[in-house]
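Asker: Next comes model-v3.tsv, TSV, C-alpha atoms and all ligand atoms:
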```
chain	number	residue	atom	x	y	z
A	1	MET	CA	112.91	116.94	100.28
A	2	LYS	CA	111.77	116.20	96.74
A	3	PRO	CA	108.02	115.85	96.20
A	4	LEU	CA	106.23	112.57	95.62
A	5	LEU	CA	104.25	113.03	92.43
A	6	PHE	CA	101.10	111.02	91.76
A	7	GLY	CA	97.95	111.14	89.61
A	8	SER	CA	96.74	110.25	86.12
A	9	HIS	CA	94.78	111.82	83.26
A	10	ILE	CA	91.09	112.72	82.81
A	11	ASP	CA	90.63	112.92	79.05
A	12	SER	CA	89.09	109.96	77.23
A	13	VAL	CA	89.30	108.46	73.77
A	14	ARG	CA	86.44	109.04	71.39
A	15	GLY	CA	83.82	106.40	72.20
A	16	GLY	CA	85.69	105.47	75.38
A	17	GLY	CA	84.53	104.61	78.88
A	18	ASN	CA	84.56	106.27	82.28
A	19	PHE	CA	87.49	104.55	83.96
A	20	ASP	CA	90.62	105.00	81.81
A	21	GLY	CA	92.54	107.79	83.55
A	22	ASP	CA	89.69	108.91	85.80
A	23	VAL	CA	90.24	106.04	88.24
A	24	GLY	CA	93.80	107.21	88.87
A	25	SER	CA	92.97	110.92	89.01
A	26	MET	CA	89.95	110.54	91.31
A	27	SER	CA	91.77	108.06	93.54
A	28	ALA	CA	94.68	110.47	93.86
A	29	LEU	CA	92.22	113.17	95.00
A	30	GLU	CA	90.68	110.73	97.48
A	31	VAL	CA	94.13	109.82	98.83
A	32	MET	CA	95.02	113.50	99.28
A	33	ALA	CA	91.69	114.20	101.03
A	34	THR	CA	92.10	111.17	103.32
A	35	LEU	CA	95.62	112.15	104.35
A	36	ASN	CA	94.45	115.70	105.06
A	37	GLU	CA	91.40	114.52	107.02
A	38	ARG	CA	93.60	112.31	109.17
A	39	GLY	CA	96.23	115.01	109.62
A	40	VAL	CA	98.98	112.76	108.26
A	41	LYS	CA	102.27	114.63	107.84
A	42	THR	CA	104.61	113.16	105.25
A	43	ARG	CA	108.35	113.83	105.01
A	44	HIS	CA	108.14	114.47	101.27
A	45	PRO	CA	105.67	117.05	99.94
A	46	LEU	CA	102.86	115.30	98.04
A	47	GLU	CA	102.04	116.68	94.62
A	48	LEU	CA	98.91	115.57	92.82
A	49	VAL	CA	98.95	115.85	89.04
A	50	VAL	CA	96.08	115.52	86.56
A	51	TRP	CA	97.51	115.33	83.06
A	52	ALA	CA	95.85	116.87	80.00
A	53	ALA	CA	95.29	115.12	76.67
A	54	GLU	CA	96.89	111.76	77.38
A	55	GLU	CA	95.04	110.08	74.51
A	56	SER	CA	96.46	110.25	71.01
A	57	ASN	CA	95.61	113.41	69.11
A	58	TYR	CA	97.47	115.48	66.55
A	59	GLY	CA	99.74	112.53	65.82
A	60	SER	CA	100.81	111.77	69.38
A	61	GLY	CA	99.58	111.24	72.92
A	62	LEU	CA	100.82	111.94	76.49
A	63	HIS	CA	100.52	115.65	75.76
A	64	GLY	CA	100.68	117.05	79.31
A	65	SER	CA	103.29	114.66	80.67
A	66	ARG	CA	105.49	115.05	77.58
A	67	MET	CA	105.37	118.82	77.91
A	68	ALA	CA	106.39	118.44	81.57
A	69	ALA	CA	109.22	116.14	80.53
A	70	GLY	CA	110.36	118.43	77.71
A	71	LEU	CA	109.56	115.78	75.09
A	72	ILE	CA	108.10	118.16	72.51
A	73	GLU	CA	108.13	116.76	69.00
A	74	LYS	CA	109.44	118.59	65.94
A	75	GLY	CA	106.71	120.81	64.45
A	76	GLU	CA	104.21	119.44	66.96
A	77	PHE	CA	102.25	122.66	67.49
A	78	ASP	CA	101.94	123.27	63.73
A	79	ARG	CA	100.24	119.94	63.05
A	80	VAL	CA	96.71	120.34	61.70
A	81	GLN	CA	93.68	118.19	62.54
A	82	ASN	CA	90.19	118.95	61.20
A	83	GLY	CA	91.56	122.22	59.79
A	84	VAL	CA	92.79	123.46	63.20
A	85	SER	CA	96.44	123.60	64.25
A	86	LYS	CA	97.45	122.16	67.59
A	87	ARG	CA	98.68	125.63	68.59
A	88	ALA	CA	95.20	127.09	67.89
A	89	ALA	CA	93.43	124.19	69.61
A	90	MET	CA	95.55	124.72	72.72
A	91	LYS	CA	94.74	128.44	72.67
A	92	LYS	CA	91.03	127.71	72.46
A	93	LEU	CA	91.35	125.64	75.63
A	94	GLY	CA	93.27	128.40	77.44
A	95	GLY	CA	96.77	127.07	76.76
A	96	ASP	CA	99.72	128.81	75.16
A	97	ALA	CA	102.21	126.87	73.03
A	98	GLU	CA	104.71	129.76	73.30
A	99	ARG	CA	104.87	129.34	77.07
A	100	ILE	CA	105.07	125.56	77.11
A	101	ALA	CA	108.63	125.59	78.45
A	102	GLU	CA	107.24	126.95	81.72
A	103	ALA	CA	105.50	123.61	82.26
A	104	ARG	CA	108.81	121.78	82.22
A	105	ARG	CA	110.01	119.86	85.25
A	106	ALA	CA	113.70	119.34	85.87
A	107	PRO	CA	115.11	115.82	85.70
A	108	ALA	CA	115.42	114.20	89.15
A	109	SER	CA	113.14	116.88	90.63
A	110	PHE	CA	110.75	114.36	92.25
A	111	HIS	CA	111.29	111.46	94.64
A	112	ALA	CA	109.06	109.13	92.59
A	113	TYR	CA	106.08	109.27	90.22
A	114	LEU	CA	103.22	106.89	91.01
A	115	GLU	CA	100.11	106.26	88.90
A	116	LEU	CA	97.06	104.11	89.57
A	117	HIS	CA	95.25	102.97	86.41
A	118	ILE	CA	92.87	100.31	85.16
A	119	GLU	CA	94.69	97.39	83.54
A	120	GLN	CA	92.77	97.66	80.24
A	121	GLY	CA	93.59	94.00	79.57
A	122	GLY	CA	92.08	90.88	81.14
A	123	ARG	CA	94.92	89.28	83.09
A	124	LEU	CA	94.02	90.46	86.61
A	125	ASP	CA	90.31	89.81	86.10
A	126	ARG	CA	90.95	86.29	84.79
A	127	ALA	CA	93.32	85.49	87.65
A	128	GLY	CA	91.05	87.05	90.29
A	129	ILE	CA	93.96	89.17	91.57
A	130	PRO	CA	93.06	92.71	92.68
A	131	ILE	CA	96.40	94.50	92.26
A	132	GLY	CA	98.78	94.60	89.30
A	133	VAL	CA	102.35	95.81	89.65
A	134	VAL	CA	103.48	97.17	86.30
A	135	GLU	CA	106.88	95.97	85.11
A	136	GLY	CA	107.12	98.10	82.01
A	137	ILE	CA	105.21	100.06	79.37
A	138	VAL	CA	105.34	99.44	75.61
A	139	THR	CA	107.02	101.66	73.04
A	140	ILE	CA	104.49	103.19	70.63
A	141	ASP	CA	105.33	104.50	67.14
A	142	ASP	CA	102.69	106.56	65.32
A	143	TYR	CA	102.51	107.22	61.59
A	144	ASP	CA	100.26	109.24	59.30
A	145	VAL	CA	99.78	107.65	55.88
A	146	ARG	CA	98.58	109.76	52.95
A	147	VAL	CA	97.37	108.08	49.78
A	148	ARG	CA	96.85	110.19	46.68
A	149	GLY	CA	94.85	108.67	43.83
A	150	PHE	CA	92.50	110.47	41.48
A	151	ALA	CA	88.88	111.36	42.26
A	152	ASN	CA	86.69	110.54	39.29
A	153	HIS	CA	83.16	109.57	38.32
A	154	ALA	CA	82.14	106.20	39.82
A	155	GLY	CA	79.89	105.37	36.88
A	156	THR	CA	82.06	106.32	33.94
A	157	THR	CA	85.60	105.47	35.05
A	158	PRO	CA	86.44	101.90	33.97
A	159	MET	CA	87.91	99.69	36.68
A	160	ALA	CA	91.21	99.35	34.84
A	161	GLU	CA	91.67	103.12	34.66
A	162	ARG	CA	91.01	103.96	38.28
A	163	ARG	CA	93.54	105.34	40.72
A	164	ASP	CA	91.44	104.52	43.74
A	165	ALA	CA	93.06	105.79	46.94
A	166	LEU	CA	90.77	103.70	49.13
A	167	VAL	CA	91.62	100.47	47.35
A	168	ALA	CA	95.30	101.25	47.99
A	169	ALA	CA	94.59	102.22	51.61
A	170	SER	CA	92.69	98.97	52.15
A	171	GLN	CA	95.72	97.03	51.04
A	172	VAL	CA	97.87	98.98	53.51
A	173	VAL	CA	95.43	98.13	56.32
A	174	LEU	CA	95.81	94.44	55.48
A	175	ALA	CA	99.59	94.87	55.30
A	176	VAL	CA	99.60	96.28	58.85
A	177	GLN	CA	97.72	93.20	60.00
A	178	GLN	CA	100.17	90.95	58.20
A	179	ILE	CA	103.24	92.80	59.54
A	180	ALA	CA	102.02	92.58	63.14
A	181	THR	CA	101.13	88.90	62.93
A	182	GLY	CA	104.04	87.86	60.72
A	183	GLU	CA	106.47	87.05	63.54
A	184	PRO	CA	106.21	85.55	67.02
A	185	GLY	CA	105.64	87.95	69.91
A	186	ALA	CA	103.09	90.27	71.49
A	187	GLN	CA	103.56	93.17	69.02
A	188	VAL	CA	100.41	94.88	67.76
A	189	GLY	CA	99.61	97.10	64.79
A	190	THR	CA	96.47	99.19	64.29
A	191	VAL	CA	94.81	101.47	61.75
A	192	GLY	CA	92.27	103.28	63.91
A	193	GLN	CA	91.44	106.50	62.10
A	194	MET	CA	90.78	107.19	58.42
A	195	THR	CA	89.57	110.11	56.32
A	196	ILE	CA	88.28	109.53	52.80
A	197	LYS	CA	87.92	112.35	50.28
A	198	PRO	CA	85.62	113.32	48.76
A	199	ASN	CA	83.68	110.63	50.68
A	200	ALA	CA	80.73	110.42	48.28
A	201	PRO	CA	79.00	107.23	47.10
A	202	ASN	CA	79.41	108.03	43.43
A	203	VAL	CA	83.02	109.22	43.37
A	204	VAL	CA	86.15	107.07	43.19
A	205	PRO	CA	88.08	108.12	46.34
A	206	GLY	CA	90.93	110.47	45.44
A	207	ASP	CA	92.59	111.00	48.80
A	208	VAL	CA	92.75	108.86	51.89
A	209	GLU	CA	94.61	109.63	55.08
A	210	PHE	CA	94.92	107.30	58.03
A	211	THR	CA	96.92	106.57	61.13
A	212	VAL	CA	99.06	103.52	61.82
A	213	GLU	CA	100.51	102.63	65.19
A	214	PHE	CA	102.79	99.78	66.24
A	215	ARG	CA	103.52	98.74	69.82
A	216	ASP	CA	105.84	96.35	71.62
A	217	LEU	CA	108.02	96.30	74.72
A	218	ASP	CA	111.04	96.07	72.38
A	219	GLY	CA	111.59	99.49	70.78
A	220	ALA	CA	113.89	98.08	68.07
A	221	LYS	CA	111.15	95.68	66.99
A	222	VAL	CA	108.63	98.55	66.82
A	223	ALA	CA	110.99	100.45	64.50
A	224	ARG	CA	111.43	97.33	62.33
A	225	LEU	CA	107.64	97.02	61.92
A	226	GLY	CA	107.54	100.63	60.70
A	227	ALA	CA	110.27	99.93	58.16
A	228	ALA	CA	108.24	96.97	56.88
A	229	LEU	CA	105.20	99.27	56.55
A	230	LYS	CA	107.18	101.68	54.36
A	231	GLN	CA	108.32	98.83	52.07
A	232	HIS	CA	104.78	97.51	51.70
A	233	CYS	CA	103.57	101.01	50.83
A	234	VAL	CA	106.13	101.32	48.02
A	235	ASP	CA	104.87	98.03	46.55
A	236	ILE	CA	101.17	98.90	47.01
A	237	ALA	CA	101.61	102.37	45.46
A	238	ARG	CA	103.18	100.80	42.39
A	239	ALA	CA	100.49	98.13	42.07
A	240	THR	CA	97.60	100.60	42.50
A	241	ASN	CA	99.02	103.55	40.53
A	242	THR	CA	98.75	105.81	43.58
A	243	GLU	CA	101.21	107.84	45.64
A	244	ILE	CA	101.65	106.80	49.24
A	245	GLU	CA	103.49	108.90	51.77
A	246	VAL	CA	104.32	107.43	55.18
A	247	ILE	CA	105.02	110.13	57.77
A	248	PHE	CA	106.47	109.15	61.12
A	249	THR	CA	104.73	111.41	63.65
A	250	SER	CA	105.89	110.25	67.06
A	251	ARG	CA	107.58	107.69	69.23
A	252	HIS	CA	106.50	107.22	72.81
A	253	GLU	CA	109.50	105.47	74.25
A	254	GLY	CA	108.66	102.49	76.45
A	255	ALA	CA	109.81	102.47	80.04
A	256	SER	CA	110.64	99.98	82.76
A	257	ALA	CA	109.08	100.61	86.15
A	258	THR	CA	111.72	101.34	88.80
A	259	ALA	CA	112.50	98.22	90.88
A	260	SER	CA	112.31	100.07	94.22
A	261	VAL	CA	108.87	101.49	93.36
A	262	GLN	CA	107.59	98.06	92.30
A	263	ALA	CA	108.86	96.68	95.61
A	264	ALA	CA	107.13	99.50	97.54
A	265	ILE	CA	103.80	98.69	95.82
A	266	GLU	CA	104.22	95.03	96.75
A	267	ARG	CA	105.04	95.86	100.39
A	268	ALA	CA	102.00	98.17	100.53
A	269	ALA	CA	99.70	95.49	99.08
A	270	ALA	CA	101.11	92.88	101.47
A	271	ARG	CA	100.36	95.16	104.43
A	272	LEU	CA	96.76	95.24	103.21
A	273	SER	CA	96.77	91.45	102.66
A	274	LEU	CA	96.14	91.89	98.93
A	275	ARG	CA	97.51	89.55	96.27
A	276	THR	CA	99.55	91.10	93.48
A	277	MET	CA	100.70	90.12	90.00
A	278	ARG	CA	103.56	91.67	88.01
A	279	LEU	CA	102.57	92.42	84.42
A	280	PRO	CA	103.56	94.59	81.44
A	281	SER	CA	101.37	97.40	80.09
A	282	GLY	CA	100.30	97.25	76.46
A	283	ALA	CA	98.68	100.65	76.86
A	284	GLY	CA	100.64	103.86	76.88
A	285	HIS	CA	100.69	106.00	80.02
A	286	ASP	CA	101.88	109.39	81.24
A	287	ALA	CA	104.13	107.37	83.53
A	288	GLN	CA	106.41	106.59	80.58
A	289	ALA	CA	107.09	110.29	80.03
A	290	MET	CA	107.70	110.77	83.77
A	291	ALA	CA	110.12	107.83	83.71
A	292	THR	CA	112.48	109.99	81.63
A	293	LEU	CA	112.81	112.31	84.64
A	294	GLY	CA	112.88	110.01	87.67
A	295	PRO	CA	111.73	106.81	89.42
A	296	MET	CA	108.32	105.58	88.24
A	297	GLY	CA	105.80	102.94	89.25
A	298	MET	CA	102.24	101.99	88.30
A	299	ILE	CA	99.47	100.15	90.12
A	300	PHE	CA	96.80	98.39	88.04
A	301	VAL	CA	93.28	97.40	89.09
A	302	PRO	CA	91.26	94.83	87.10
A	303	SER	CA	89.26	95.73	84.01
A	304	VAL	CA	86.16	93.54	83.79
A	305	SER	CA	86.66	91.14	80.84
A	306	GLY	CA	89.70	93.19	79.80
A	307	ILE	CA	87.58	95.72	77.87
A	308	SER	CA	88.84	99.30	77.51
A	309	HIS	CA	88.69	102.21	75.04
A	310	SER	CA	85.06	101.16	74.75
A	311	PRO	CA	81.84	102.36	76.40
A	312	ARG	CA	81.72	98.89	78.00
A	313	GLU	CA	84.90	99.58	79.94
A	314	LEU	CA	84.24	98.68	83.58
A	315	SER	CA	86.12	98.27	86.84
A	316	ARG	CA	84.42	97.18	90.06
A	317	TRP	CA	84.06	99.90	92.68
A	318	ASN	CA	85.36	97.67	95.48
A	319	GLU	CA	88.48	96.87	93.45
A	320	ILE	CA	89.00	100.55	92.61
A	321	ALA	CA	88.82	101.26	96.36
A	322	LEU	CA	91.46	98.60	96.99
A	323	GLY	CA	93.65	100.21	94.33
A	324	ALA	CA	93.25	103.59	96.04
A	325	ASP	CA	94.18	101.97	99.38
A	326	VAL	CA	97.34	100.58	97.77
A	327	LEU	CA	98.10	103.97	96.21
A	328	LEU	CA	97.94	105.60	99.65
A	329	ALA	CA	99.94	102.85	101.33
A	330	THR	CA	102.59	102.93	98.59
A	331	LEU	CA	102.99	106.69	98.95
A	332	LEU	CA	103.64	106.16	102.66
A	333	GLU	CA	106.13	103.39	101.84
A	334	LEU	CA	107.96	105.65	99.39
A	335	ASP	CA	107.80	108.54	101.84
A	336	ALA	CA	109.65	106.47	104.41
A	337	SER	CA	112.46	105.63	101.99
B	401	LIG	C1	96.41	105.18	75.75
B	401	LIG	O1	95.31	104.98	76.19
B	401	LIG	C2	96.92	104.32	74.74
B	401	LIG	O2	97.51	103.28	75.09
B	401	LIG	O3	96.67	104.59	73.56
B	402	MN	MN	93.43	105.40	77.06
B	403	MN	MN	94.87	105.93	80.33
```
What do you get writing this file as structure tokens?
Ligand code: GLV
Ligand code: MN
Ligand code: MN

Answerer:
Amino acid sequence: MKPLLFGSHIDSVRGGGNFDGDVGSMSALEVMATLNERGVKTRHPLELVVWAAEESNYGSGLHGSRMAAGLIEKGEFDRVQNGVSKRAAMKKLGGDAERIAEARRAPASFHAYLELHIEQGGRLDRAGIPIGVVEGIVTIDDYDVRVRGFANHAGTTPMAERRDALVAASQVVLAVQQIATGEPGAQVGTVGQMTIKPNAPNVVPGDVEFTVEFRDLDGAKVARLGAALKQHCVDIARATNTEIEVIFTSRHEGASATASVQAAIERAAARLSLRTMRLPSGAGHDAQAMATLGPMGMIFVPSVSGISHSPRELSRWNEIALGADVLLATLLELDAS
């Protein structure tokens, strides 16, 4: 019998909260402990997984689950962040990029992958519904943008002669906003990280590097937003006398949750007399990498006021417990099928 795989991640974003990922990982542990304590024997082996480095780093996220799914990106381990390559950073943490293939799981090697997670949006909380059944996860495209201007004295360089990389970068930030809001739909675009060099009050910025990400359930639309970004950058470079390079770093392909797993979550919640709501996920999850290998489903619990990736991220303990109950009950539903 193929194993039932379940869990989540335990890393957090910089400045994040205590619930994103941890709720699913700790609940999975609790489910395993409960089943052991009660001596429950399942037909399928149960395999608990705690993914590493789900949050975006080195130009892409879902590190552990992508490695397991064989979704390694071109040149990924040679990427450099803060002067350290990803290969070296992995080594420092006890990993080995040369042996990453050993982490690979074969396609169709598990019965289903199930992940409990906080919603990170406000729909469940607003509706007062304790359990979300995820329909699908967005596609995410990540870019690095490098702007080269010319660093020069802030007192003696006339405005007309400047090649200010930050002025150009600022225009790109506004272009991202305009691209994401320029058509109907739920697409989003974000510049979340920026490095300014030399980063001194009395020097015209010479180099600026920043990230751009676009998300939507429709992968073709996400690609189109990236193409629009490149066109804007050509125009902004010309207007600001700078050079702008747009480097596509990664795509995290969106995924639909498997219908039979969604149905199992709903049956499990119904057994526990809990109301459910089907909803999409605007956040990325390890589940989307697992979906490339086999059946996948996700259970959401409410995020208070829809706040996440913030220290104010909060989910109520009683609702987390209900989510863990549904996780356990869904595993038993899937085990029976
Ligand atoms: C993961 O948290 C993501 O959606 O960026
Ligand atoms: Mn996150
Ligand atoms: Mn997460």

Asker: Using only C-alpha atoms, which of A:Ser60, A:Ser170, A:Ser273, A:Ser308 sits nearest A:Gly21?

Answerer: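 Between A:Ser60, A:Ser170, A:Ser273, A:Ser308, the residue approaching A:Gly21 most closely is A:Ser308.
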
Asker: Between A:Val188, A:Glu98, A:Arg275, A:Lys197, which is the closest to A:Arg146 once you count only C-alpha atoms?

Answerer: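 The shortest atom-to-atom distance to A:Arg146 comes from A:Lys197.
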
Asker: Residues within 12 Å of A:His309, please, as a ChimeraX atom specification. Count all atoms listed in the file; anything in the same chain fewer than 3 positions from it doesn't count.

Answerer: /A:11-21,55-56,118-121,192,283,303,306,312-314

Asker: Which neighbours of stretch 319-333 of chain A fall inside 10 Å, counting only C-alpha atoms, when residues of the same chain fewer than 5 positions from it are skipped, and could you give them as a VMD selection string?

Answerer: chain A and resid 4 to 7 19 23 to 24 26 to 32 34 to 35 40 42 to 44 46 112 to 118 129 to 132 261 to 272 274 297 to 303

Asker: Choose the residue, out of A:Gly284, A:Gly189, A:Gly294, A:Gly39, that has the smallest atom-to-atom separation from ligand LIG 401 (chain B); count all atoms listed in the file.

Answerer: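 That would be A:Gly284, the residue with the smallest distance to ligand LIG 401 (chain B).
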
Asker: Nearest to A:Glu161: which of A:Thr195, A:Gln187, A:Ser305, A:Thr242 is it, counting all atoms listed in the file?

Answerer: A:Thr242

Asker: So, counting only C-alpha atoms and all ligand atoms, which residue among A:Gly61, A:Pro107, A:Gly122, A:Pro198 is closest to ligand MN 402 (chain B)?

Answerer: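 The closest residue to ligand MN 402 (chain B) is A:Gly61.
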
Asker: Compare A:His63, A:Arg224, A:His232, A:Lys86 by their minimum atom-to-atom distance to ligand LIG 401 (chain B), counting all atoms listed in the file, and give me the closest one.

Answerer: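 With all atoms listed in the file as the atom set, the closest residue is A:His63.
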
Asker: Just to confirm, what's the straight-line distance from atom CA of A:Gly136 to atom CA of A:His285 in Å (one decimal)?

Answerer: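 For atom CA of A:Gly136 relative to atom CA of A:His285, the distance reads 10.4 Å.
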
Asker: Which residues are near A:Ser65? Cut-off 8 Å, only C-alpha atoms, ignore same chain within fewer than 5 positions. Put them as a list in words.

Answerer: Trp51, Ala52, Glu54, Asp286, Ala287, Ala289 and Met290 of chain A

Asker: With 8 Å of padding per side, what axis-aligned box (centre and edge lengths, Å, one decimal) covers all the listed atoms of stretch 131-149 of chain A? Give it as AutoDock Vina command-line options.

Answerer:
```
--center_x 101.0 --center_y 102.3 --center_z 68.0 --size_x 28.3 --size_y 31.7 --size_z 64.4
```

Asker: What's the 9 Å shell around stretch 164-166 of chain A, counting all atoms listed in the file, without same-chain residues fewer than 5 positions away, as a list in words?

Answerer: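 The filter keeps Val147, Arg148, Gly149, Phe150, Ala151, Asn152, Gln171, Ile196, Lys197, Val204, Pro205, Gly206, Asp207, Val208, Thr240, Asn241, Thr242, Glu243 and Ile244 of chain A.
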
Asker: Write out as number ranges by chain which residues come within 6 Å of A:Ala154 when counting all atoms listed in the file, dropping same-chain ones fewer than 2 positions away.

Answerer: A: 156-157, 202-204

Asker: Can you work out the spacing between atom CA of A:Ser8 and atom CA of A:Val50 in Å, to one decimal?

Answerer: 5.3 Å

Asker: Distance atom CA of A:Val173-atom CA of A:Val138, one decimal place?

Answerer: 21.7 Å
